[in-house]
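Here's the structure we're looking at; comments come further down.
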Amino acid sequence: MNQQTIVEIRHLEKYYGQKQVLHGIDLDITAGQIIGYIGPNGAGKSTTVKILCGLISDFLGDISIFGKDLRTETLEIKKQVGYIPENAVLYESLTPMEFMLFIGEMRGLETEITRSKAEALMNIFEMKSNLNQRIATFSKGMRQKVMICSALLHNPDLIFMDEPLSGLDANSVIMVKEMLIHLAREGKTIFYSSHLMDVVEKISDRIILIDQGKVIADGSFEDLNKLSNDENLEKMFTRLTGNTNHGEKAEAFINAFEK
Amino acid sequence: MIKFLLSLFKPFRWFIEKMGADYNQFIRILELKLTMDNRKMKGIGNNSKKETENALMKQSFSQIFFGVFFAMFLIIVKSPFTYYYFAHTFLMVMMAMMIISEFTSILFDTSENVIIQPLPIKGNTISLARNAHVLLYLSLMSFNLSVVSIVVAIIKFGVVSALVFGFTIVMNVLFTLLLANMLYLFIMQLASGEKLKNILMYFQIFIAIGFMLFYQFGFNMVDKTQIRDMILPVYWYTYLVPPAFFSGLVESLTSSIFDRQHLIFIAEALVIPTVAIYLTGKYLTPVFNRKLMDLEQGDRVSKIKVETARKSLWYRMLLGIFVHRKEEVAPFKLVWIMTGRERSFMQTFLPSLGYILIMIAVPFFRKSFDINEIIHSDRYILILYAFMFIGTTLPTSLLYGNNQHAVWLFKTLPLTSPAGYFKGFIKAAFARFFVPFYLVLSVVICVAWGYKVIPDVLIALMAIYLITMLFYYIQNPGFPFTQDKIATQGGAAFIKVMGLIAIAAALGFLHYFLLHWFSFAALLLIPVYLSAIYYVNRVLVYKKITWEAVDKANTYS
């Protein structure tokens, strides 16, 4: 394989106090792929992403990104990475333009370049007219769009997304999906953590399923499917994470009301 | 204004870079923070929904205005040392209050980490900017508060003296900031997570009451003529009192005295803050930031003790006494549980209880204090009615909090009138946070004045209950713990307090008058209060608290 490995995770473990949430994760991610990172609630998806982005700095194991050690060369890595968090936390009293200018300045971009990029990106999301309004007045989807734009300002080579589509309308979802495929074609690597099985199934080159802090399946959907013959990712997900009796549970749910 | 404040850092570029920060990023972060402050209504750390510009400017004016009062007090002081000593003490007290009330929330705010952390910024830059932000804010406040004192100093002691005073203000701010940093680090050493937040809350309450005590006993009891001619003596421990360093330095340059005593002060005033800022930047803030990260992560595992009080006898007893309608039971339960956990509630309400206690205690420590005379008087009526002040503080404390996002819940439930909610809310707060306190106090009073006062204690409780309910029902009907602190303040609050004082005085006097009329005349008040409570709880509340009024006061988001 001539493709270059850009993320290397070895024996990643993470404790919150006494509670272990990641039980030794090993992964190699090559450039130009879209990685779908899935798992049930509380499996450790967000924790993994947060560690990779430098939000959480105390973890066990080794991680190298672009061949650099995450612990020692954090700043160098951060320069080439973009992160779109799950809940758009933004400075409410700023406008999107002010917010993005700040992000641009922190990343060392020229003000004019940031300005034109911000306009272009927001225009794609049909939000150019909102550029100078306070973020406090925005809906959830609008905030998420601002978040996505500001994460892409510096043209990162590696993009981490934690449920990036939450709150977006159908058109925007389709657009973001297209955008991701284009970005991957240009050689960008996308690490996509989500619950939305159908989106992951459609766009991912490779699917990683984790449960209780361990990788339990890894490969393209076709590869995984060869092993088991599930008709879609959702079926495979429920089978692998050990929840097959949904019918019974739903029935119990109904019964609970009738008592 | 922001541009001007930022330009103040230009000469210190070398220092900031020496501390390991990126100067451009540092300035940008600072600019961002100041821009955001400038758009908030008052103070920092609040998320006001109203849009403004120039909030900093408006705030500065009110601080300058406040400084006038202090300068009026200082104007009579003759000795420069004493003058500057008081001025610096005042500033330190004000800064301490500011740090406690506003910056605790800022220092421990980790929500912006998700924006800042993925950016290529060094930890030092962030922590230095954070400190510089607090520093700027404190300096701005200190100068605003001192503008008038500086003018007075020019007239009294000359321009040079006033200029040196200005310089020492900066030193004082640096020093206070270090003290605050050290204190917080020490507290963080003790605990983490929820437990730490609780410790901080009780610490804040304690300090708030402490300042009130200090003010009442310190300032009120000193004779004004004494202050005018007061020359503070210098003992060995005076060298350890921070305001003394700074006032010593100013005095020395004002009167050109350079003896050993003043040289020590000068050395202290110059060296200690410089070392302080260096230590803060180099050693304390990195530790602080690391602790802060732990704090955020610790939150996920720290367990909150779940009270079993809900099912206790005490709870059931009070529920039985106060609640007679089914629709009020659930709101009562909700507020009973939440008042014990909402820090903002305890932070506003508990100090106000403390203030009332202090106000009661102060007259007893005046010169003409005679325990026998007091016991044979009817002073207890005064004490009992002083507690009517909770009539404003309890209803307003119940409003504040960060639960705006849970308001939809009340609106989606199928109820014809929201009055039941509000009755339950205030009853629970009253029962849980006032009744036990009042009980303890009544036991003390009964021991001092004898069992014959028991009816009076009960009557006063009824009056307080009546007034608290009344004030809760006529205030802006926001759901509990959902309003910003600033949203409800203003002239109306002042009128309310004045009205309450008038009512408390009137009812107290009525009670007193009846006691002196004939022995059991006060008992006549019982049916009067009972019917008034009945009216307020069964009639008035349904008129005041309608869905229309509630919809106006709350936003369902």
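The way I read the labels, and the way they are meant: chains A, B, ... in the order of the structure tokens, residue 1 as the first residue of every chain, and ligand 1 as the first ligand shown, with later ones counted on from there.
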Give the alpha helix (DSSP H) residues of segment 42-138 of chain A, as assigned by DSSP on the backbone, as a PyMOL selection string. chain A and resi 45-53+74-79+96-106+111-124
Atoms to include: C-alpha atoms. Write the selected residues as a JSON list (two decimals), in the first residue's frame.
```json
[["chain", "number", "residue", "atom", "x", "y", "z"],
["A", 45, "LYS", "CA", -16.83, 7.66, 20.80],
["A", 46, "SER", "CA", -16.75, 11.28, 21.92],
["A", 47, "THR", "CA", -13.97, 10.56, 24.37],
["A", 48, "THR", "CA", -11.80, 9.17, 21.55],
["A", 49, "VAL", "CA", -12.46, 12.18, 19.38],
["A", 50, "LYS", "CA", -11.77, 14.58, 22.22],
["A", 51, "ILE", "CA", -8.47, 12.91, 22.95],
["A", 52, "LEU", "CA", -7.46, 13.07, 19.29],
["A", 53, "CYS", "CA", -8.28, 16.79, 19.13],
["A", 74, "THR", "CA", 0.34, 19.08, 20.12],
["A", 75, "LEU", "CA", 0.54, 22.52, 18.58],
["A", 76, "GLU", "CA", 1.98, 21.32, 15.29],
["A", 77, "ILE", "CA", -0.77, 18.73, 15.03],
["A", 78, "LYS", "CA", -3.53, 21.16, 15.93],
["A", 79, "LYS", "CA", -2.52, 23.40, 13.07],
["A", 96, "PRO", "CA", -20.33, 34.58, 13.00],
["A", 97, "MET", "CA", -17.91, 36.88, 11.21],
["A", 98, "GLU", "CA", -16.28, 38.02, 14.45],
["A", 99, "PHE", "CA", -16.13, 34.45, 15.67],
["A", 100, "MET", "CA", -14.49, 33.19, 12.50],
["A", 101, "LEU", "CA", -12.05, 36.09, 12.40],
["A", 102, "PHE", "CA", -11.01, 35.16, 15.90],
["A", 103, "ILE", "CA", -10.53, 31.51, 14.95],
["A", 104, "GLY", "CA", -8.61, 32.60, 11.84],
["A", 105, "GLU", "CA", -6.31, 34.86, 13.82],
["A", 106, "MET", "CA", -5.62, 32.12, 16.35],
["A", 111, "THR", "CA", -7.56, 38.66, 8.12],
["A", 112, "GLU", "CA", -8.61, 39.25, 4.52],
["A", 113, "ILE", "CA", -8.27, 35.59, 3.63],
["A", 114, "THR", "CA", -10.33, 34.58, 6.64],
["A", 115, "ARG", "CA", -12.95, 37.14, 5.74],
["A", 116, "SER", "CA", -13.36, 35.97, 2.16],
["A", 117, "LYS", "CA", -13.33, 32.30, 3.17],
["A", 118, "ALA", "CA", -15.91, 32.89, 5.87],
["A", 119, "GLU", "CA", -18.14, 34.63, 3.36],
["A", 120, "ALA", "CA", -17.72, 31.89, 0.80],
["A", 121, "LEU", "CA", -18.37, 29.06, 3.25],
["A", 122, "MET", "CA", -21.37, 30.73, 4.85],
["A", 123, "ASN", "CA", -22.73, 31.47, 1.40],
["A", 124, "ILE", "CA", -22.75, 27.77, 0.60]]
```
Using only C-alpha atoms, the residue out of B:Pro80, B:Pro477, B:Gly123, B:Pro118 with shortest distance to Ile155 of chain B is B:Pro80
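Take the candidates B:Thr482, B:Phe206, B:Thr285, B:Leu510 and check each one against His405 of chain B using only C-alpha atoms; the shortest distance goes to B:Thr482.
In this comparison, which uses only C-alpha atoms, the residue of B:Asp22, B:Glu342, B:Glu268, B:Glu17 approaching chain A most closely is B:Asp22.
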From the list B:Asn289, B:Thr89, B:Asn172, B:Asn181, the nearest residue to chain A using only C-alpha atoms is B:Asn289
Problem - Residues within 9 Å of Ile9 of chain A, only C-alpha atoms, excluding chain neighbours under 2 positions, as JSON, numbers by chain - result: {"A": [7, 11, 12, 25, 26, 27, 28, 29, 61, 62, 63, 64, 65]}
What would the file look like if the residues just selected were written as a PDB file, in the first residue's frame with C-alpha atoms?
```pdb
ATOM      1  CA  VAL A   7      -3.191   8.571  12.569  1.00  0.00           C
ATOM      2  CA  HIS A  11      -3.345   0.851  23.331  1.00  0.00           C
ATOM      3  CA  LEU A  12      -5.404   3.910  24.026  1.00  0.00           C
ATOM      4  CA  ILE A  25      -7.935   0.930  21.275  1.00  0.00           C
ATOM      5  CA  ASP A  26      -5.546   0.276  18.371  1.00  0.00           C
ATOM      6  CA  LEU A  27      -6.152   1.983  15.057  1.00  0.00           C
ATOM      7  CA  ASP A  28      -4.270   2.998  11.915  1.00  0.00           C
ATOM      8  CA  ILE A  29      -5.909   5.520   9.658  1.00  0.00           C
ATOM      9  CA  GLY A  61      -1.163   4.703  25.371  1.00  0.00           C
ATOM     10  CA  ASP A  62       0.438   6.371  22.359  1.00  0.00           C
ATOM     11  CA  ILE A  63      -1.070   8.442  19.613  1.00  0.00           C
ATOM     12  CA  SER A  64       0.748   9.905  16.674  1.00  0.00           C
ATOM     13  CA  ILE A  65      -0.849  12.108  14.052  1.00  0.00           C
TER      14      ILE A  65
END
```
Pairwise distance, atom CA of Asn130 of chain A with atom CA of Leu90 of chain A, equals 15.0 Å
Contacts of Met161 of chain A within 6 Å, only C-alpha atoms, excl. fewer than 4 positions in-chain, as JSON, numbers by chain
{"A": [83, 84, 192, 193]}
Using only C-alpha atoms, the best pick from B:Asn476, B:Gln261, B:Gln117, B:Ser161 as closest to chain A would be B:Gln117
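The environment of Ala429 of chain B within 10 Å, counting only C-alpha atoms and disregarding residues fewer than 4 places along the same chain, consists of B:Phe332, B:Lys333, B:Val335, B:Trp336, B:Ile337, B:Met338, B:Thr339, B:Gly340, B:Phe345, B:Leu394, B:Pro395, B:Ser397, B:Leu398, B:Gly424, B:Phe425, B:Phe433, B:Phe434, B:Val435.
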Would you mind exporting C-alpha atoms of the selected residues as a PDB file, in the first residue's frame?
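Listing of selection-v9.pdb after writing:
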```pdb
ATOM      1  CA  PHE B 332     -43.537  21.697  46.436  1.00  0.00           C
ATOM      2  CA  LYS B 333     -41.482  18.540  46.121  1.00  0.00           C
ATOM      3  CA  VAL B 335     -38.522  23.141  44.824  1.00  0.00           C
ATOM      4  CA  TRP B 336     -37.841  21.374  48.114  1.00  0.00           C
ATOM      5  CA  ILE B 337     -35.284  19.198  46.346  1.00  0.00           C
ATOM      6  CA  MET B 338     -33.881  21.895  44.112  1.00  0.00           C
ATOM      7  CA  THR B 339     -33.404  24.633  46.702  1.00  0.00           C
ATOM      8  CA  GLY B 340     -30.981  22.314  48.453  1.00  0.00           C
ATOM      9  CA  PHE B 345     -30.286  30.118  45.315  1.00  0.00           C
ATOM     10  CA  LEU B 394     -36.809  34.709  49.274  1.00  0.00           C
ATOM     11  CA  PRO B 395     -39.048  35.391  46.260  1.00  0.00           C
ATOM     12  CA  SER B 397     -33.652  34.272  45.188  1.00  0.00           C
ATOM     13  CA  LEU B 398     -36.084  31.715  43.902  1.00  0.00           C
ATOM     14  CA  GLY B 424     -46.096  25.051  45.737  1.00  0.00           C
ATOM     15  CA  PHE B 425     -42.797  26.711  44.862  1.00  0.00           C
ATOM     16  CA  PHE B 433     -35.128  27.421  54.189  1.00  0.00           C
ATOM     17  CA  PHE B 434     -36.941  29.715  56.548  1.00  0.00           C
ATOM     18  CA  VAL B 435     -38.979  27.637  58.993  1.00  0.00           C
TER      19      VAL B 435
END
```
Between B:Gln59, B:Ser7, B:Gly508, B:Lys291, smallest distance to chain A by only C-alpha atoms belongs to B:Lys291
*asked:* When you look at Ile209 of chain B with a cut-off of 8 Å (counting only C-alpha atoms), what residues show up, excluding the ones that are within fewer than 2 positions of it in the same chain? I need them as a list in words.
replied: Ile205, Phe206, Ile207, Phe211, Met212, Leu213, Pro351, Gly354 and Tyr355 of chain B
Handout entry: Shell of 12 Å around Ala31 of chain A, only C-alpha atoms, local chain residues under 6 positions omitted, as an MDAnalysis selection string
Key = chainID A and resid 1:8 65:66 157:159 183:191 205:206
